[in-house]
Amino acid sequence: MQYVRLGQSGLKISRLCLGTMNMGSKEWKPWIFDEKESEPIIRHALDNGVNFIDLADFYSAGAGEEVVCNVLRRIGRRDEMVITTKVGYAMSDDINAQGHSRKHIFDAIDASLTRMGMDYVDIYMLHYFDTETPVEETMGALNDIVLAGKARYIGISTMTTGQLAKILMVCDKNGWQRPINMQLQLNCAYREEEREMIPFCMDQGIGVSVFSPLARGILTNDLQSNRNQTDFFTAEMYNDQASKDISYSVAKVADARGVLPAQIAQAWVLNKPEISSMLVGADTKEQFDSALAAVETKLTEEEIYELERNYTPCDLINDYTAGKRIPRTARPAKGDFA
């Protein structure tokens with residue numbers, strides 16, 4: 001396993017982060033693993049050097065935090081793990097049980113720690129940017145949570161570069177804790193964050209963690225998986241010809257190397273030095289092993305061209321642009337892949 005410093009903090013994390021959206025309760029989604037099914041995957045990740053674990057209160061409506069941390073307390077050492085959880089999406093029908101108000105953030109951190117059976121979380125993250133709550137209220141509440149010892153650091157996820165700039169401006173103005181981690185979506189089929197967000201994070205010393213490196217599974221070329229047939233987000237985000245053509249290119253490169261497409265798609269992410277860590281939401285030990293192999297996989301210039309030639313700009317993927325993807329036209333193949 002490779003380890004890196006997260007942004008300009010002193011925190012060191014594994015380049016692979018265990019994603020846990022697929023762990024919790026089947027009552028939430030049919031493809032979710034229960035505690036018994038989750039334990040072998042969690043154990044395999046820890047045994048292979050992973051110290052970074054990603055959670056969210058929203059996953060399985062809280063059951064995800066409970067299930068994963070039940071396992072971690074049995075098989076891991078808390079002081080050797082870097083655990084993050086997120087706040088923001090609705091946890092009930094209560095009008096105040098969502099968003100990033102001071103009330104909800106304070107209620108949510110206590111509820112998360114209770115479910116996790118832990119005294120603190122290493123990184124407490126905003127799941128998105130709440131446009132209905134003043135940034136000063138949100139960041140002041142997060143700063144107080146750090147001062148109270150309930151979180152060691154602050155993180156953010158899935159927002160525009162301008163929204164992140166607003167957060168940093170408020171933190172600097174008031175002397176509050178700055179976020180050390182930006183969690184964003186990046187893969188061969190979705191690269192919009194490379195235009196502004198990632199360069200801005202590099203400039204500001206914020207570490208970048210990538211989720212959905214397999215584009216919710218389409219880059220494995222398994223479009224008939226249980227998740228792809230039941231998760232409407234997959235169709236919303238990647239139901240265009242360009243995404244399908246990119247998945248075919250991933251398969252071509254993988255076939256030429258004699259490896260699985262997932263390894264190539266993940267290697268494309270991990271070959272980028274500006275990426276601190278990549279989330280791996282594995283359903284099996286074998287799927288996790290492909291990510292381990294990707295850490296050491298170096299792609300050639302010709303392979304990278306083939307993986308990237310079909311990409312054209314599209315709308316950002318966030319809470320405000322669902323269903324607004326634009327048509328995309330690919331460049332022609334060349335070289336050995338023509």
# chains A, B, ... in the order shown; residues from 1 in each chain; ligands from 1

call {"tool": "residues_around", "arguments": {"residues": "A:Arg74", "least_positions_apart": "3", "cutoff": "12 Å", "atoms": "only C-alpha atoms", "output": "list in words"}}
result
Glu35, Glu39, Ile42, Arg43, Val67, Val68, Cys69, Asn70, Val71, Arg77, Arg78 and Gly117 of chain A

call {"tool": "residues_around", "arguments": {"residues": "A:Gly281", "least_positions_apart": "5", "cutoff": "8 Å", "atoms": "only C-alpha atoms", "output": "list of chain:residue names"}}
result
A:Leu18, A:Gly19, A:Thr20, A:Met21, A:Asn22, A:Phe288

call {"tool": "write_last_selection", "arguments": {"atoms": "all heavy atoms", "output": "compact mmCIF listing (two decimals), in the first residue's frame"}}
result
# COMPACT_ATOMS: atom_id res chain seq x y z
N LEU A 18 -11.49 2.82 1.69
CA LEU A 18 -12.60 1.88 1.64
C LEU A 18 -13.92 2.64 1.59
O LEU A 18 -14.32 3.28 2.56
CB LEU A 18 -12.58 0.94 2.84
CG LEU A 18 -13.71 -0.09 2.88
CD1 LEU A 18 -13.62 -1.03 1.68
CD2 LEU A 18 -13.68 -0.88 4.19
N GLY A 19 -14.59 2.60 0.44
CA GLY A 19 -15.92 3.19 0.31
C GLY A 19 -16.96 2.23 0.87
O GLY A 19 -16.87 1.02 0.67
N THR A 20 -17.96 2.77 1.57
CA THR A 20 -18.90 1.90 2.29
C THR A 20 -20.36 2.15 1.93
O THR A 20 -21.25 1.72 2.66
CB THR A 20 -18.72 2.08 3.80
OG1 THR A 20 -19.04 3.43 4.16
CG2 THR A 20 -17.30 1.76 4.24
N MET A 21 -20.62 2.80 0.81
CA MET A 21 -22.01 3.04 0.43
C MET A 21 -22.77 1.73 0.21
O MET A 21 -23.99 1.67 0.34
CB MET A 21 -22.08 3.89 -0.83
CG MET A 21 -23.47 4.35 -1.22
SD MET A 21 -23.44 5.42 -2.68
CE MET A 21 -25.19 5.77 -2.85
N ASN A 22 -22.03 0.66 -0.11
CA ASN A 22 -22.65 -0.64 -0.37
C ASN A 22 -22.81 -1.48 0.89
O ASN A 22 -23.13 -2.67 0.80
CB ASN A 22 -21.84 -1.42 -1.40
CG ASN A 22 -20.43 -1.73 -0.93
OD1 ASN A 22 -19.88 -1.02 -0.10
ND2 ASN A 22 -19.85 -2.79 -1.45
N PHE A 288 -11.61 -5.82 -4.83
CA PHE A 288 -10.66 -4.97 -4.11
C PHE A 288 -9.23 -5.21 -4.60
O PHE A 288 -8.43 -4.28 -4.69
CB PHE A 288 -10.75 -5.23 -2.60
CG PHE A 288 -10.01 -4.20 -1.79
CD1 PHE A 288 -10.62 -3.01 -1.42
CD2 PHE A 288 -8.69 -4.40 -1.42
CE1 PHE A 288 -9.94 -2.05 -0.71
CE2 PHE A 288 -8.00 -3.44 -0.70
CZ PHE A 288 -8.63 -2.26 -0.34

call {"tool": "closest_residue", "arguments": {"among": "A:Gln204, A:Gln263, A:Thr284, A:Asn51", "to": "A:Asp79", "atoms": "only C-alpha atoms"}}
result
A:Asn51

call {"tool": "select_by_dssp", "arguments": {"residues": "stretch 112-196 of chain A", "states": "strand (DSSP E)", "output": "ChimeraX atom specification"}}
result
/A:121-126,151-157,179-185

call {"tool": "write_last_selection", "arguments": {"atoms": "C-alpha atoms", "output": "PDB file, in the first residue's frame"}}
result
ATOM      1  CA  VAL A 121     -14.488  11.086  13.708  1.00  0.00           C
ATOM      2  CA  ASP A 122     -11.217  11.959  12.020  1.00  0.00           C
ATOM      3  CA  ILE A 123     -12.760  14.005   9.188  1.00  0.00           C
ATOM      4  CA  TYR A 124     -16.300  15.400   9.333  1.00  0.00           C
ATOM      5  CA  MET A 125     -17.468  16.281   5.838  1.00  0.00           C
ATOM      6  CA  LEU A 126     -20.194  18.316   4.186  1.00  0.00           C
ATOM      7  CA  ALA A 151     -13.892  15.735  14.860  1.00  0.00           C
ATOM      8  CA  ARG A 152     -10.185  16.146  14.174  1.00  0.00           C
ATOM      9  CA  TYR A 153     -10.506  17.731  10.723  1.00  0.00           C
ATOM     10  CA  ILE A 154     -13.093  19.129   8.294  1.00  0.00           C
ATOM     11  CA  GLY A 155     -13.784  17.993   4.729  1.00  0.00           C
ATOM     12  CA  ILE A 156     -16.116  18.846   1.860  1.00  0.00           C
ATOM     13  CA  SER A 157     -17.633  17.060  -1.118  1.00  0.00           C
ATOM     14  CA  PRO A 179     -11.159  21.803   5.100  1.00  0.00           C
ATOM     15  CA  ILE A 180      -8.273  19.442   4.375  1.00  0.00           C
ATOM     16  CA  ASN A 181     -10.066  17.117   1.966  1.00  0.00           C
ATOM     17  CA  MET A 182     -12.274  17.500  -1.104  1.00  0.00           C
ATOM     18  CA  GLN A 183     -14.166  14.379  -2.132  1.00  0.00           C
ATOM     19  CA  LEU A 184     -15.293  14.496  -5.752  1.00  0.00           C
ATOM     20  CA  GLN A 185     -16.369  12.304  -8.646  1.00  0.00           C
TER      21      GLN A 185
END

call {"tool": "residues_around", "arguments": {"residues": "A:Glu296", "least_positions_apart": "3", "cutoff": "8 Å", "atoms": "only C-alpha atoms", "output": "list in words"}}
result
Ala267, Leu292 and Ala293 of chain A

call {"tool": "residues_around", "arguments": {"residues": "stretch 163-178 of chain A", "least_positions_apart": "4", "cutoff": "7 Å", "atoms": "only C-alpha atoms", "output": "PyMOL selection string"}}
result
chain A and resi 135-136+139+143+154+159

call {"tool": "select_by_dssp", "arguments": {"residues": "stretch 84-274 of chain A", "states": "alpha helix (DSSP H)", "output": "NGL selection string"}}
result
:A and (102-116 or 135-147 or 161-174 or 197-204 or 226-230 or 232-238 or 241-257 or 261-270)

call {"tool": "residues_around", "arguments": {"residues": "A:Leu307", "least_positions_apart": "2", "cutoff": "8 Å", "atoms": "only C-alpha atoms", "output": "VMD selection string"}}
result
chain A and resid 188 246 249 to 250 253 303 to 305 309 to 310

call {"tool": "atom_distance", "arguments": {"atom1": "atom CA of A:Ala291", "atom2": "atom CA of A:Val50"}}
result
11.5 Å

call {"tool": "closest_residue", "arguments": {"among": "A:Thr220, A:Ser25, A:Gln2, A:Asn48", "to": "A:Pro261", "atoms": "only C-alpha atoms"}}
result
A:Thr220

call {"tool": "residues_around", "arguments": {"residues": "A:Asp130", "least_positions_apart": "2", "cutoff": "7 Å", "atoms": "only C-alpha atoms", "output": "number ranges by chain"}}
result
A: 99-100, 128, 132-133

call {"tool": "atom_distance", "arguments": {"atom1": "atom CA of A:Leu147", "atom2": "atom CA of A:Thr85"}}
result
17.4 Å

call {"tool": "closest_residue", "arguments": {"among": "A:Met1, A:Ala333, A:Met116, A:Ile41", "to": "A:Lys285", "atoms": "only C-alpha atoms"}}
result
A:Ile41

call {"tool": "residues_around", "arguments": {"residues": "A:Ser247", "least_positions_apart": "5", "cutoff": "8 Å", "atoms": "only C-alpha atoms", "output": "list in words"}}
result
Ala189, Ile218, Leu219, Thr220 and Asn221 of chain A

call {"tool": "atom_distance", "arguments": {"atom1": "atom CA of A:Ala63", "atom2": "atom CA of A:His127"}}
result
16.9 Å

call {"tool": "closest_residue", "arguments": {"among": "A:Tyr311, A:Ala108, A:Ile75, A:Ser60", "to": "A:Asp47", "atoms": "only C-alpha atoms"}}
result
A:Ile75

call {"tool": "closest_residue", "arguments": {"among": "A:Glu274, A:Ile105, A:Tyr248, A:Lys29", "to": "A:Gly205", "atoms": "only C-alpha atoms"}}
result
A:Glu274
